[in-house]
Every structure is written in C-alpha cells, then in structure tokens.
$ cat my_file_5.cif   # mmCIF, C-alpha atoms
data_start
loop_
_atom_site.label_atom_id
_atom_site.label_comp_id
_atom_site.auth_asym_id
_atom_site.auth_seq_id
_atom_site.Cartn_x
_atom_site.Cartn_y
_atom_site.Cartn_z
CA MET X 93 -134.50 20.34 72.00
CA ARG X 94 -137.66 21.04 73.97
CA ILE X 95 -140.91 19.64 72.59
CA VAL X 96 -144.19 20.54 74.27
CA PRO X 97 -147.83 19.92 73.29
CA GLY X 98 -149.07 22.71 71.04
CA ALA X 99 -152.08 23.76 69.02
CA ALA X 100 -150.78 22.05 65.89
CA GLY X 101 -149.57 18.70 67.18
CA PHE X 102 -146.24 19.72 68.67
CA VAL X 103 -144.38 22.97 68.99
CA ALA X 104 -140.61 22.72 68.88
CA THR X 105 -137.62 24.81 67.98
CA ALA X 106 -135.34 24.20 65.06
CA ALA X 107 -132.56 23.07 67.39
CA GLY X 108 -133.51 19.51 66.50
CA ARG X 109 -136.02 17.39 64.65
CA PRO X 110 -139.56 17.26 66.03
CA SER X 111 -140.30 13.94 64.36
CA ALA X 112 -138.61 10.80 63.08
CA ALA X 113 -140.61 10.97 59.84
CA PRO X 114 -139.52 13.18 56.94
CA LEU X 115 -141.48 16.41 56.85
CA ALA X 116 -143.36 18.27 54.18
CA LEU X 117 -142.56 21.73 55.52
CA ALA X 118 -144.30 25.03 54.76
CA ILE X 119 -142.26 28.06 55.83
CA GLY X 120 -143.56 31.53 56.62
CA ASN X 121 -144.93 33.92 59.21
CA PHE X 122 -148.55 32.94 58.42
CA ASP X 123 -149.95 36.02 60.17
CA GLY X 124 -153.68 35.96 59.51
CA VAL X 125 -153.58 32.48 57.94
CA HIS X 126 -155.33 33.96 54.87
CA LEU X 127 -156.24 32.18 51.64
CA GLY X 128 -152.74 32.64 50.25
CA HIS X 129 -151.36 30.86 53.30
CA ALA X 130 -154.06 28.21 52.91
CA ALA X 131 -152.59 27.32 49.51
CA LEU X 132 -149.17 26.71 51.11
CA LEU X 133 -150.65 24.61 53.90
CA ALA X 134 -152.75 22.55 51.47
CA GLU X 135 -149.68 21.82 49.34
CA ALA X 136 -147.69 20.72 52.39
CA CYS X 137 -150.53 18.41 53.45
CA ALA X 138 -150.84 16.96 49.94
CA ARG X 139 -147.10 16.27 49.72
CA ALA X 140 -147.08 14.64 53.15
CA ALA X 141 -150.01 12.42 52.14
CA ARG X 142 -148.24 11.30 48.96
CA ARG X 143 -145.13 10.32 50.92
CA GLY X 144 -146.97 8.90 53.91
CA SER X 145 -145.11 11.41 56.07
CA GLN X 146 -146.09 14.38 58.23
CA SER X 147 -146.97 17.93 57.31
CA ALA X 148 -145.38 20.80 59.22
CA VAL X 149 -144.94 24.54 59.35
CA LEU X 150 -141.87 26.51 60.35
CA THR X 151 -142.91 29.90 61.67
CA PHE X 152 -141.23 32.60 63.73
CA THR X 153 -141.76 34.76 66.77
CA PRO X 154 -141.42 37.67 67.01
CA HIS X 155 -142.05 38.93 63.48
CA PRO X 156 -138.60 39.58 61.92
CA ALA X 157 -139.38 43.27 61.44
CA ARG X 158 -139.91 43.65 65.18
CA LEU X 159 -136.29 42.61 65.74
CA PHE X 160 -134.63 44.86 63.16
CA ALA X 161 -137.01 47.80 62.74
CA PRO X 162 -139.55 47.75 65.57
CA GLU X 163 -140.85 51.21 64.68
CA ARG X 164 -141.85 49.87 61.24
CA ALA X 165 -143.06 46.43 62.36
CA PRO X 166 -146.60 45.70 61.17
CA PRO X 167 -149.34 45.15 63.76
CA LEU X 168 -149.97 41.43 63.98
CA ILE X 169 -153.37 40.32 62.72
CA MET X 170 -153.66 37.67 65.43
CA SER X 171 -151.83 36.09 68.33
CA LEU X 172 -149.39 33.23 67.84
CA GLU X 173 -151.80 30.90 69.66
CA ARG X 174 -154.64 31.68 67.26
CA ARG X 175 -152.29 31.36 64.31
CA LEU X 176 -151.39 27.85 65.42
CA GLU X 177 -155.04 26.91 65.97
CA LEU X 178 -155.85 27.85 62.38
CA VAL X 179 -152.77 26.05 61.06
CA ALA X 180 -153.91 22.92 62.90
CA ALA X 181 -157.43 23.32 61.51
CA ALA X 182 -155.88 23.32 58.02
CA GLY X 183 -154.59 19.79 58.67
CA ILE X 184 -150.97 20.48 59.60
CA ASP X 185 -149.48 17.86 61.93
CA ILE X 186 -146.58 19.76 63.48
CA ALA X 187 -145.78 23.41 64.13
CA ILE X 188 -142.19 24.45 64.67
CA VAL X 189 -142.00 27.88 66.29
CA GLU X 190 -138.52 29.33 65.96
CA PRO X 191 -137.50 32.26 68.20
CA PHE X 192 -136.34 34.88 65.72
CA THR X 193 -133.13 36.16 67.26
CA ARG X 194 -130.14 38.01 65.84
CA ALA X 195 -128.17 34.76 65.94
CA PHE X 196 -130.84 32.97 63.92
CA ALA X 197 -131.09 35.87 61.47
CA ALA X 198 -127.31 35.70 60.95
CA ILE X 199 -127.46 32.19 59.45
CA ASP X 200 -126.60 32.49 55.78
CA ALA X 201 -128.92 31.15 53.09
CA PRO X 202 -127.03 27.91 52.26
CA ALA X 203 -126.65 27.04 55.95
CA PHE X 204 -130.34 27.69 56.59
CA VAL X 205 -131.33 25.19 53.91
CA ARG X 206 -128.61 22.65 54.63
CA ASP X 207 -128.38 22.76 58.43
CA VAL X 208 -131.78 23.97 59.63
CA VAL X 209 -134.30 22.74 57.08
CA ALA X 210 -132.68 19.53 55.85
CA ARG X 211 -130.55 18.36 58.80
CA ASP X 212 -132.20 19.69 61.96
CA LEU X 213 -135.81 19.50 60.83
CA GLY X 214 -135.47 16.55 58.49
CA ALA X 215 -137.61 18.07 55.76
CA ARG X 216 -138.00 16.26 52.45
CA ASP X 217 -140.42 18.71 50.85
CA VAL X 218 -140.43 22.49 51.32
CA VAL X 219 -143.31 24.77 50.39
CA VAL X 220 -142.96 28.58 50.27
CA GLY X 221 -144.65 31.56 48.69
CA TYR X 222 -143.38 33.32 45.58
CA ASP X 223 -142.03 36.26 47.64
CA PHE X 224 -140.20 34.13 50.22
CA SER X 225 -136.82 35.43 51.41
CA PHE X 226 -134.40 33.89 53.87
CA GLY X 227 -130.87 33.88 55.19
CA ARG X 228 -128.59 36.63 56.44
CA GLY X 229 -129.59 39.97 54.93
CA ARG X 230 -132.55 38.20 53.25
CA ALA X 231 -130.10 37.15 50.56
CA GLY X 232 -132.05 34.05 49.59
CA ASN X 233 -135.22 34.02 47.50
CA ALA X 234 -137.53 31.37 46.07
CA GLN X 235 -135.25 30.64 43.11
CA ALA X 236 -132.23 30.30 45.41
CA LEU X 237 -134.25 27.91 47.56
CA ARG X 238 -134.97 25.77 44.50
CA GLU X 239 -131.28 25.61 43.66
CA LEU X 240 -130.09 24.97 47.21
CA GLY X 241 -132.87 22.43 47.70
CA ALA X 242 -131.84 20.50 44.61
CA ALA X 243 -128.29 20.28 45.96
CA THR X 244 -129.54 19.15 49.38
CA GLY X 245 -132.13 16.59 48.28
CA LEU X 246 -135.17 18.75 48.98
CA ASP X 247 -138.20 18.98 46.70
CA VAL X 248 -139.26 22.63 46.66
CA ALA X 249 -142.69 23.96 45.74
CA VAL X 250 -143.17 27.71 45.21
CA ILE X 251 -146.79 28.84 45.39
CA PRO X 252 -147.62 31.65 42.94
CA PRO X 253 -149.52 34.80 43.96
CA ILE X 254 -153.13 34.24 45.01
CA ALA X 255 -155.74 36.88 44.15
CA ILE X 256 -159.36 37.02 45.31
CA ASP X 257 -161.67 39.02 43.03
CA GLY X 258 -158.56 40.59 41.55
CA VAL X 259 -157.18 41.65 44.95
CA PRO X 260 -153.74 40.22 45.89
CA CYS X 261 -154.03 38.04 48.97
CA SER X 262 -151.40 39.04 51.49
CA SER X 263 -151.10 39.89 55.17
CA THR X 264 -150.15 43.43 54.18
CA ARG X 265 -153.33 43.87 52.15
CA VAL X 266 -155.46 42.41 54.97
CA ARG X 267 -153.93 44.94 57.38
CA GLU X 268 -154.62 47.79 54.96
CA LEU X 269 -158.26 46.81 54.52
CA VAL X 270 -158.92 46.30 58.22
CA SER X 271 -157.22 49.60 59.09
CA ALA X 272 -159.47 51.33 56.55
CA GLY X 273 -162.59 49.76 58.07
CA GLU X 274 -163.11 47.55 55.02
CA THR X 275 -163.57 44.44 57.13
CA VAL X 276 -165.91 42.70 54.68
CA ALA X 277 -163.27 42.98 51.93
CA ALA X 278 -160.62 41.72 54.38
CA ALA X 279 -162.81 38.70 55.14
CA ARG X 280 -162.73 37.71 51.47
CA LEU X 281 -158.93 37.48 51.62
CA LEU X 282 -158.91 35.72 54.97
CA GLY X 283 -161.57 33.20 53.96
CA ARG X 284 -163.39 34.01 57.24
CA PRO X 285 -164.24 37.15 59.20
CA PHE X 286 -161.54 39.31 60.73
CA GLU X 287 -161.45 38.54 64.46
CA LEU X 288 -160.77 40.37 67.69
CA GLU X 289 -160.12 37.84 70.42
CA GLY X 290 -159.22 38.29 74.06
CA GLU X 291 -160.28 38.33 77.68
CA VAL X 292 -163.25 40.36 78.89
CA LYS X 293 -162.10 43.02 81.36
CA ARG X 294 -164.01 45.31 83.68
CA GLY X 295 -164.64 48.70 82.17
CA ALA X 296 -166.20 51.93 83.38
CA GLY X 297 -169.68 50.37 83.35
CA ARG X 298 -171.14 53.14 81.20
CA GLY X 299 -172.78 50.74 78.75
CA ARG X 300 -174.81 49.15 81.52
CA GLY X 301 -175.85 52.59 82.73
CA LEU X 302 -177.09 53.40 79.21
CA GLY X 303 -179.08 50.17 79.03
CA PHE X 304 -176.60 48.40 76.72
CA PRO X 305 -174.10 46.43 78.83
CA THR X 306 -170.98 45.69 76.82
CA ALA X 307 -168.16 43.17 77.06
CA ASN X 308 -164.86 45.05 77.12
CA VAL X 309 -162.45 42.86 75.17
CA ALA X 310 -158.66 43.13 75.53
CA PRO X 311 -157.59 41.86 72.06
CA GLU X 312 -154.57 39.57 71.89
CA GLY X 313 -153.72 40.56 68.32
CA GLN X 314 -152.31 44.00 67.56
CA LEU X 315 -154.40 45.00 64.54
CA ARG X 316 -157.52 47.11 65.12
CA PRO X 317 -160.16 48.10 62.60
CA LYS X 318 -160.76 51.75 61.80
CA LEU X 319 -162.56 53.37 64.71
CA GLY X 320 -166.31 53.11 64.44
CA ILE X 321 -169.38 50.93 64.96
CA TYR X 322 -169.60 47.48 63.36
CA ALA X 323 -171.97 44.58 62.98
CA ALA X 324 -170.40 41.51 64.55
CA ARG X 325 -170.84 38.06 65.99
CA ALA X 326 -169.37 37.08 69.37
CA GLN X 327 -168.52 33.63 70.70
CA VAL X 328 -167.66 32.80 74.31
CA LEU X 329 -164.54 30.63 74.28
CA ASP X 330 -164.29 29.39 77.87
CA GLY X 331 -166.04 29.25 81.23
CA PRO X 332 -169.57 28.01 81.92
CA LEU X 333 -170.96 29.82 78.87
CA ALA X 334 -168.37 28.44 76.43
CA GLY X 335 -169.83 27.94 72.99
CA THR X 336 -172.48 30.63 73.41
CA THR X 337 -172.74 32.71 70.22
CA ARG X 338 -174.64 35.94 69.75
CA THR X 339 -175.06 38.62 67.14
CA ALA X 340 -173.38 41.77 68.45
CA ALA X 341 -173.01 45.48 67.91
CA LEU X 342 -169.34 46.37 68.22
CA SER X 343 -167.72 49.67 69.10
CA VAL X 344 -164.03 50.22 68.42
CA GLY X 345 -163.19 53.70 69.59
CA LYS X 346 -162.26 56.25 72.22
CA ASN X 347 -165.70 56.99 73.68
CA PRO X 348 -165.76 60.64 72.54
CA GLN X 349 -169.02 61.20 74.45
CA PHE X 350 -167.02 60.74 77.65
CA ASP X 351 -163.75 62.35 76.48
CA GLY X 352 -161.91 59.04 76.27
CA ASP X 353 -158.33 58.97 75.05
CA THR X 354 -157.60 55.24 74.67
CA VAL X 355 -159.07 52.84 72.13
CA THR X 356 -161.46 50.28 73.59
CA VAL X 357 -163.21 47.29 72.03
CA GLU X 358 -166.75 46.91 73.38
CA ALA X 359 -169.27 44.32 72.20
CA TYR X 360 -172.99 44.48 73.03
CA LEU X 361 -174.27 40.91 72.69
CA LEU X 362 -177.91 40.94 71.60
CA ASP X 363 -180.38 38.91 73.67
CA PHE X 364 -177.71 37.86 76.15
CA GLU X 365 -177.62 37.76 79.92
CA GLY X 366 -174.64 36.53 81.89
CA ASP X 367 -171.29 37.36 83.45
CA LEU X 368 -168.41 37.31 80.99
CA TYR X 369 -165.71 38.90 83.14
CA ASP X 370 -162.33 37.14 82.85
CA GLN X 371 -163.63 34.87 80.09
CA ARG X 372 -162.29 34.94 76.55
CA LEU X 373 -164.43 36.20 73.70
CA ARG X 374 -163.93 35.90 69.95
CA VAL X 375 -165.60 38.73 68.04
CA GLU X 376 -165.98 38.25 64.29
CA VAL X 377 -166.15 41.71 62.75
CA GLY X 378 -168.65 42.35 59.97
CA ALA X 379 -169.59 45.54 58.14
CA ARG X 380 -168.70 48.96 59.42
CA LEU X 381 -171.93 50.84 60.14
CA ARG X 382 -170.76 54.36 60.96
CA ASP X 383 -168.08 56.57 62.50
CA GLU X 384 -167.97 57.03 66.24
CA GLN X 385 -169.14 60.48 67.24
CA ARG X 386 -169.99 62.78 70.08
CA PHE X 387 -173.69 63.60 70.52
CA ASP X 388 -175.42 66.67 71.89
CA SER X 389 -176.84 64.70 74.81
CA ILE X 390 -176.82 61.28 76.45
CA ASP X 391 -180.40 60.78 75.22
CA ALA X 392 -179.22 61.34 71.65
CA LEU X 393 -176.44 58.80 72.19
CA ILE X 394 -178.92 56.23 73.51
CA ALA X 395 -181.23 56.84 70.54
CA GLN X 396 -178.31 56.22 68.14
CA ILE X 397 -177.29 53.02 69.94
CA ARG X 398 -180.87 51.79 69.56
CA GLU X 399 -180.65 52.49 65.83
CA ASP X 400 -177.33 50.65 65.62
CA VAL X 401 -178.74 47.60 67.38
CA ALA X 402 -181.82 47.64 65.13
CA HIS X 403 -179.52 47.81 62.09
CA VAL X 404 -177.54 44.82 63.30
CA ARG X 405 -180.76 42.86 63.92
CA GLN X 406 -181.92 43.68 60.41
CA LEU X 407 -178.68 42.39 58.91
CA ALA X 408 -179.03 39.19 60.94
CA ARG X 409 -182.58 38.65 59.60
CA GLU X 410 -181.68 39.17 55.95
CA PRO X 411 -179.49 36.29 54.72
CA SER X 412 -178.80 37.78 51.30
CA GLU X 413 -177.47 40.99 52.80
CA GLY X 414 -176.24 39.60 56.12
CA SER X 415 -174.10 36.98 54.43
CA ARG X 416 -171.98 39.84 53.08
CA THR X 417 -172.02 42.14 56.09
CA LEU X 418 -172.56 40.05 59.20
CA PRO X 419 -170.49 36.96 60.04
CA ARG X 420 -172.46 33.72 60.19
#
$ encode --input "my_file_5.cif" --output "structure tokens"
Amino acid sequence: MRIVPGAAGFVATAAGRPSAAPLALAIGNFDGVHLGHAALLAEACARAARRGSQSAVLTFTPHPARLFAPERAPPLIMSLERRLELVAAAGIDIAIVEPFTRAFAAIDAPAFVRDVVARDLGARDVVVGYDFSFGRGRAGNAQALRELGAATGLDVAVIPPIAIDGVPCSSTRVRELVSAGETVAAARLLGRPFELEGEVKRGAGRGRGLGFPTANVAPEGQLRPKLGIYAARAQVLDGPLAGTTRTAALSVGKNPQFDGDTVTVEAYLLDFEGDLYDQRLRVEVGARLRDEQRFDSIDALIAQIREDVAHVRQLAREPSEGSRTLPR
C-alpha cells in the first residue's frame, strides 16, 4: 500500500489500511461536497469522536460512469484536489482515494463489505446516503449494506434525503442548476458559491485592448455555467498576490463579437492591477446578469461592459441584494 500526504490527512488506496485506529468511514463520490454530503461527513466525524477513533472518506476516481458509459458520464463539479480540500475542511482525518477500475468494479457486494471496508480499511462505522449502491452490477443498496454490516461487525448509518427550500440536494441537481445558469440556487445546495478554479493562461489580449483586462482561467472542474455574464468574486490562490480577493465581472462564453468557437472563462477583477499569468484563481460565481451577445460595434460592446461592471459594483454595495447574488 502506498500512503502519501494528501489534502485530507492521508490519501491511500484500499489495498491496505491507512491507519491502525478503527475508522468511521463515509463512502461516496462527494462531487461538489454539497450540503447532503456535509451530513454524511458530519455523521462520520461524530461517530469517530464518540469512539475516540478517526474519521475517513472512501471516494473514487474516475467517476464510475466514466469507466462504463463515458458518453453519459456527468461533468464533474470540481477537481479531485478541491474535493479533498473541502472534505478536510469538514473535519475528516483521512481520505482514501480508490482507483475505480474494472477489477474493483467486479468485486461483489459481500466481498466489498467484508474484504475492502472491514478487513482492508478497518472500518468500524460506515456512513452512506440513502441512494448508495455498491458491488458488481451495483447489486448492493443501503439496506443490503445494513445487513452485511451487521454480519461483519460494522455499525451502518444511512443518511436520509436532504432538501434545501424543498429542493433535493444532490450532485445531479447542482449540475442541472449550474448548467441552466441558476448559480444562486446551486449555491444554496452547495452551502457556498459554485466555483471555477484553475490556472490563469494567456489569451488573445482583447480585454486589455477594450480597457477591461481579464484573467483567462482554465478551470480544473468539468462543469460550466450556462454561457453568459455573471457577478463573481475572485481569489488569487498562489504566487506573490496569494490571498488577494476582488469583486469580478465574469464572462463564460465564446466571444461572439470576435467569432469565437470555444468556451472561455474570463474574469475582470475590479480595482486590481497585477500579473496573474500562471497563477491559480478561484472564481466564486454569483448571479447571472445577461446572455452573451454580439453587438453592432466595438463601442457598443465597451458600453455594455461598462454597464455590466457598474451592475456588479452595485451588487457589491448593497448587502441585502448582494448577499443573494454576489458571493461574499
């Protein structure tokens, strides 16, 4: 077994135990680490505290759908690295990242519980969601886990569905909302703003020529919001300007004014001067302001950008409205 330092204590594979202490283990993909996931993580932490043991997650890469039906695999909300950062922030001691291979997927349900969870990982408590499935052909479900756990000496907790304002909290629903441009509604399920995070790359330089220099972000996650203009907040993650945070106007689109054909993510950081090339930026996406569009002239485009920036400034000045539409 290879154990290396990771974002959540240690990252290991299920080929052996990552710790001598019994684990309170939450199992899932945890893409997005939304409020439903938070309930699983909190239960694992609580059970570990009661036993004086360690909390852990077992998660997988790639997403199982990418192995069996790549054409139907959902776009990931965030990178594995960011997922593990958020899991660590929730108080989890250990992350176990299992490569999801055909051999692993072929393990039947009883062997998964007996050999992987109980023997190899040394779990004493297991926490899953109500819709959890496992084992070859996804033959196992939450009830089967309860039964197999009882026979193996595992205490199993199944977390019921979580709804926020009547909306079911799930990674699928977050993806649907973000794809529809409903980023504020997605934030309610996530418990924080939807993020686009990645390295700033050199672009065509058109924003600077228009008087609005933008940071061209290469997002590490796969999910993109509906094309358009958004209010946002950007944070520099590394380099000499690390920790710098600015309100931003965000464009997610194809630059129709210049006949673009690929989607770009461009953030104009208000009241900012500095070189961000090759540094990582986290952009928290707020309310969608408008569709992207092609204008009759460059002057008309510049006038609209000025309006967009003024709108973002207004949202930042108005706490009652900005708290709903602009990340803080």
$ residues_around --input "my_file_5.cif" --residues "range 115-118 of chain X" --least-positions-apart "3" --cutoff "6 Å" --atoms "only C-alpha atoms" --output "list in words"
Ala136, Ala140, Gln146, Ser147, Ala148, Val149, Ala215, Arg216, Asp217, Val218, Val219 and Val220 of chain X
$ write_last_selection --input "my_file_5.cif" --atoms "C-alpha atoms" --output "PDB file, in the coordinates of the input"
ATOM      1  CA  ALA X 136    -147.690  20.720  52.390  1.00  0.00           C
ATOM      2  CA  ALA X 140    -147.080  14.640  53.150  1.00  0.00           C
ATOM      3  CA  GLN X 146    -146.090  14.380  58.230  1.00  0.00           C
ATOM      4  CA  SER X 147    -146.970  17.930  57.310  1.00  0.00           C
ATOM      5  CA  ALA X 148    -145.380  20.800  59.220  1.00  0.00           C
ATOM      6  CA  VAL X 149    -144.940  24.540  59.350  1.00  0.00           C
ATOM      7  CA  ALA X 215    -137.610  18.070  55.760  1.00  0.00           C
ATOM      8  CA  ARG X 216    -138.000  16.260  52.450  1.00  0.00           C
ATOM      9  CA  ASP X 217    -140.420  18.710  50.850  1.00  0.00           C
ATOM     10  CA  VAL X 218    -140.430  22.490  51.320  1.00  0.00           C
ATOM     11  CA  VAL X 219    -143.310  24.770  50.390  1.00  0.00           C
ATOM     12  CA  VAL X 220    -142.960  28.580  50.270  1.00  0.00           C
TER      13      VAL X 220
END
$ atom_distance --input "my_file_5.cif" --atom1 "CA of Ser225 in chain X" --atom2 "CA of Met170 in chain X"
22.0 Å
$ closest_residue --input "my_file_5.cif" --among "X:Ala113, X:Gln406, X:Leu418, X:Gly320" --to "Arg386 in chain X" --atoms "all atoms listed in the file"
X:Gly320
$ closest_residue --input "my_file_5.cif" --among "X:Ala395, X:Ala180, X:Ala195, X:Val248" --to "Ala234 in chain X" --atoms "only C-alpha atoms"
X:Val248
$ residues_around --input "my_file_5.cif" --residues "range 226-229 of chain X" --least-positions-apart "2" --cutoff "8 Å" --atoms "all atoms listed in the file" --output "MDAnalysis selection string"
chainID X and resid 197:202 204 224 231:233
$ closest_residue --input "my_file_5.cif" --among "X:Ser171, X:Ser263, X:Ser271, X:Gln327" --to "Gly313 in chain X" --atoms "all atoms listed in the file"
X:Ser171
$ atom_distance --input "my_file_5.cif" --atom1 "CA of Gly295 in chain X" --atom2 "CA of Ala310 in chain X"
10.5 Å
$ closest_residue --input "my_file_5.cif" --among "X:Glu384, X:Asp330, X:Glu312, X:Glu399" --to "Leu172 in chain X" --atoms "only C-alpha atoms"
X:Glu312
$ resolve_selection --input "my_file_5.cif" --expression "the PyMOL selection byres ((chain X and resi 403) around 12)" --output "JSON, numbers by chain"
{"X": [321, 322, 323, 324, 339, 340, 341, 342, 362, 379, 380, 381, 382, 396, 397, 398, 399, 400, 401, 402, 404, 405, 406, 407, 408, 409, 410, 413, 414, 417, 418]}
$ write_last_selection --input "my_file_5.cif" --atoms "C-alpha atoms" --output "mmCIF file, keeping the file's coordinate frame"
data_model
loop_
_atom_site.group_PDB
_atom_site.id
_atom_site.type_symbol
_atom_site.label_atom_id
_atom_site.label_comp_id
_atom_site.auth_asym_id
_atom_site.auth_seq_id
_atom_site.Cartn_x
_atom_site.Cartn_y
_atom_site.Cartn_z
ATOM 1 C CA ILE X 321 -169.380 50.930 64.960
ATOM 2 C CA TYR X 322 -169.600 47.480 63.360
ATOM 3 C CA ALA X 323 -171.970 44.580 62.980
ATOM 4 C CA ALA X 324 -170.400 41.510 64.550
ATOM 5 C CA THR X 339 -175.060 38.620 67.140
ATOM 6 C CA ALA X 340 -173.380 41.770 68.450
ATOM 7 C CA ALA X 341 -173.010 45.480 67.910
ATOM 8 C CA LEU X 342 -169.340 46.370 68.220
ATOM 9 C CA LEU X 362 -177.910 40.940 71.600
ATOM 10 C CA ALA X 379 -169.590 45.540 58.140
ATOM 11 C CA ARG X 380 -168.700 48.960 59.420
ATOM 12 C CA LEU X 381 -171.930 50.840 60.140
ATOM 13 C CA ARG X 382 -170.760 54.360 60.960
ATOM 14 C CA GLN X 396 -178.310 56.220 68.140
ATOM 15 C CA ILE X 397 -177.290 53.020 69.940
ATOM 16 C CA ARG X 398 -180.870 51.790 69.560
ATOM 17 C CA GLU X 399 -180.650 52.490 65.830
ATOM 18 C CA ASP X 400 -177.330 50.650 65.620
ATOM 19 C CA VAL X 401 -178.740 47.600 67.380
ATOM 20 C CA ALA X 402 -181.820 47.640 65.130
ATOM 21 C CA VAL X 404 -177.540 44.820 63.300
ATOM 22 C CA ARG X 405 -180.760 42.860 63.920
ATOM 23 C CA GLN X 406 -181.920 43.680 60.410
ATOM 24 C CA LEU X 407 -178.680 42.390 58.910
ATOM 25 C CA ALA X 408 -179.030 39.190 60.940
ATOM 26 C CA ARG X 409 -182.580 38.650 59.600
ATOM 27 C CA GLU X 410 -181.680 39.170 55.950
ATOM 28 C CA GLU X 413 -177.470 40.990 52.800
ATOM 29 C CA GLY X 414 -176.240 39.600 56.120
ATOM 30 C CA THR X 417 -172.020 42.140 56.090
ATOM 31 C CA LEU X 418 -172.560 40.050 59.200
#
$ residues_around --input "my_file_5.cif" --residues "Ala279 in chain X" --least-positions-apart "4" --cutoff "10 Å" --atoms "only C-alpha atoms" --output "ChimeraX atom specification"
/X:126-127,266,269-270,274-275,283-287,376-378,416-417,419
$ atom_distance --input "my_file_5.cif" --atom1 "CA of Pro166 in chain X" --atom2 "CA of Asp223 in chain X"
17.1 Å
$ build_atoms --input "my_file_5.cif" --residues "range 123-141 of chain X" --atoms "N, CA and C atoms" --output "PDB file, in the frame of the given file"
ATOM      1  N   ASP X 123    -149.105  35.131  59.371  1.00  0.00           N
ATOM      2  CA  ASP X 123    -149.950  36.020  60.170  1.00  0.00           C
ATOM      3  C   ASP X 123    -151.274  36.229  59.451  1.00  0.00           C
ATOM      4  N   GLY X 124    -152.358  35.881  60.110  1.00  0.00           N
ATOM      5  CA  GLY X 124    -153.680  35.960  59.510  1.00  0.00           C
ATOM      6  C   GLY X 124    -154.167  34.648  58.949  1.00  0.00           C
ATOM      7  N   VAL X 125    -153.235  33.770  58.561  1.00  0.00           N
ATOM      8  CA  VAL X 125    -153.580  32.480  57.940  1.00  0.00           C
ATOM      9  C   VAL X 125    -154.683  32.736  56.887  1.00  0.00           C
ATOM     10  N   HIS X 126    -154.378  33.595  55.901  1.00  0.00           N
ATOM     11  CA  HIS X 126    -155.330  33.960  54.870  1.00  0.00           C
ATOM     12  C   HIS X 126    -155.331  32.923  53.752  1.00  0.00           C
ATOM     13  N   LEU X 127    -156.080  33.181  52.695  1.00  0.00           N
ATOM     14  CA  LEU X 127    -156.240  32.180  51.640  1.00  0.00           C
ATOM     15  C   LEU X 127    -154.946  31.924  50.879  1.00  0.00           C
ATOM     16  N   GLY X 128    -154.049  32.905  50.824  1.00  0.00           N
ATOM     17  CA  GLY X 128    -152.740  32.640  50.250  1.00  0.00           C
ATOM     18  C   GLY X 128    -151.959  31.642  51.089  1.00  0.00           C
ATOM     19  N   HIS X 129    -151.991  31.831  52.407  1.00  0.00           N
ATOM     20  CA  HIS X 129    -151.360  30.860  53.300  1.00  0.00           C
ATOM     21  C   HIS X 129    -152.013  29.496  53.174  1.00  0.00           C
ATOM     22  N   ALA X 130    -153.337  29.486  53.014  1.00  0.00           N
ATOM     23  CA  ALA X 130    -154.060  28.210  52.910  1.00  0.00           C
ATOM     24  C   ALA X 130    -153.534  27.380  51.748  1.00  0.00           C
ATOM     25  N   ALA X 131    -153.132  28.046  50.653  1.00  0.00           N
ATOM     26  CA  ALA X 131    -152.590  27.320  49.510  1.00  0.00           C
ATOM     27  C   ALA X 131    -151.268  26.648  49.869  1.00  0.00           C
ATOM     28  N   LEU X 132    -150.421  27.319  50.661  1.00  0.00           N
ATOM     29  CA  LEU X 132    -149.170  26.710  51.110  1.00  0.00           C
ATOM     30  C   LEU X 132    -149.446  25.504  52.007  1.00  0.00           C
ATOM     31  N   LEU X 133    -150.363  25.682  52.945  1.00  0.00           N
ATOM     32  CA  LEU X 133    -150.650  24.610  53.900  1.00  0.00           C
ATOM     33  C   LEU X 133    -151.256  23.404  53.183  1.00  0.00           C
ATOM     34  N   ALA X 134    -152.135  23.656  52.208  1.00  0.00           N
ATOM     35  CA  ALA X 134    -152.750  22.550  51.470  1.00  0.00           C
ATOM     36  C   ALA X 134    -151.695  21.784  50.671  1.00  0.00           C
ATOM     37  N   GLU X 135    -150.734  22.491  50.094  1.00  0.00           N
ATOM     38  CA  GLU X 135    -149.680  21.820  49.340  1.00  0.00           C
ATOM     39  C   GLU X 135    -148.801  20.976  50.251  1.00  0.00           C
ATOM     40  N   ALA X 136    -148.478  21.501  51.438  1.00  0.00           N
ATOM     41  CA  ALA X 136    -147.690  20.720  52.390  1.00  0.00           C
ATOM     42  C   ALA X 136    -148.439  19.452  52.811  1.00  0.00           C
ATOM     43  N   CYS X 137    -149.725  19.577  53.061  1.00  0.00           N
ATOM     44  CA  CYS X 137    -150.530  18.410  53.450  1.00  0.00           C
ATOM     45  C   CYS X 137    -150.586  17.390  52.315  1.00  0.00           C
ATOM     46  N   ALA X 138    -150.757  17.869  51.084  1.00  0.00           N
ATOM     47  CA  ALA X 138    -150.840  16.960  49.940  1.00  0.00           C
ATOM     48  C   ALA X 138    -149.527  16.220  49.736  1.00  0.00           C
ATOM     49  N   ARG X 139    -148.408  16.923  49.884  1.00  0.00           N
ATOM     50  CA  ARG X 139    -147.100  16.270  49.720  1.00  0.00           C
ATOM     51  C   ARG X 139    -146.841  15.251  50.828  1.00  0.00           C
ATOM     52  N   ALA X 140    -147.234  15.593  52.046  1.00  0.00           N
ATOM     53  CA  ALA X 140    -147.080  14.640  53.150  1.00  0.00           C
ATOM     54  C   ALA X 140    -147.911  13.389  52.905  1.00  0.00           C
ATOM     55  N   ALA X 141    -149.135  13.573  52.403  1.00  0.00           N
ATOM     56  CA  ALA X 141    -150.010  12.420  52.140  1.00  0.00           C
ATOM     57  C   ALA X 141    -149.411  11.513  51.074  1.00  0.00           C
TER      58      ALA X 141
END
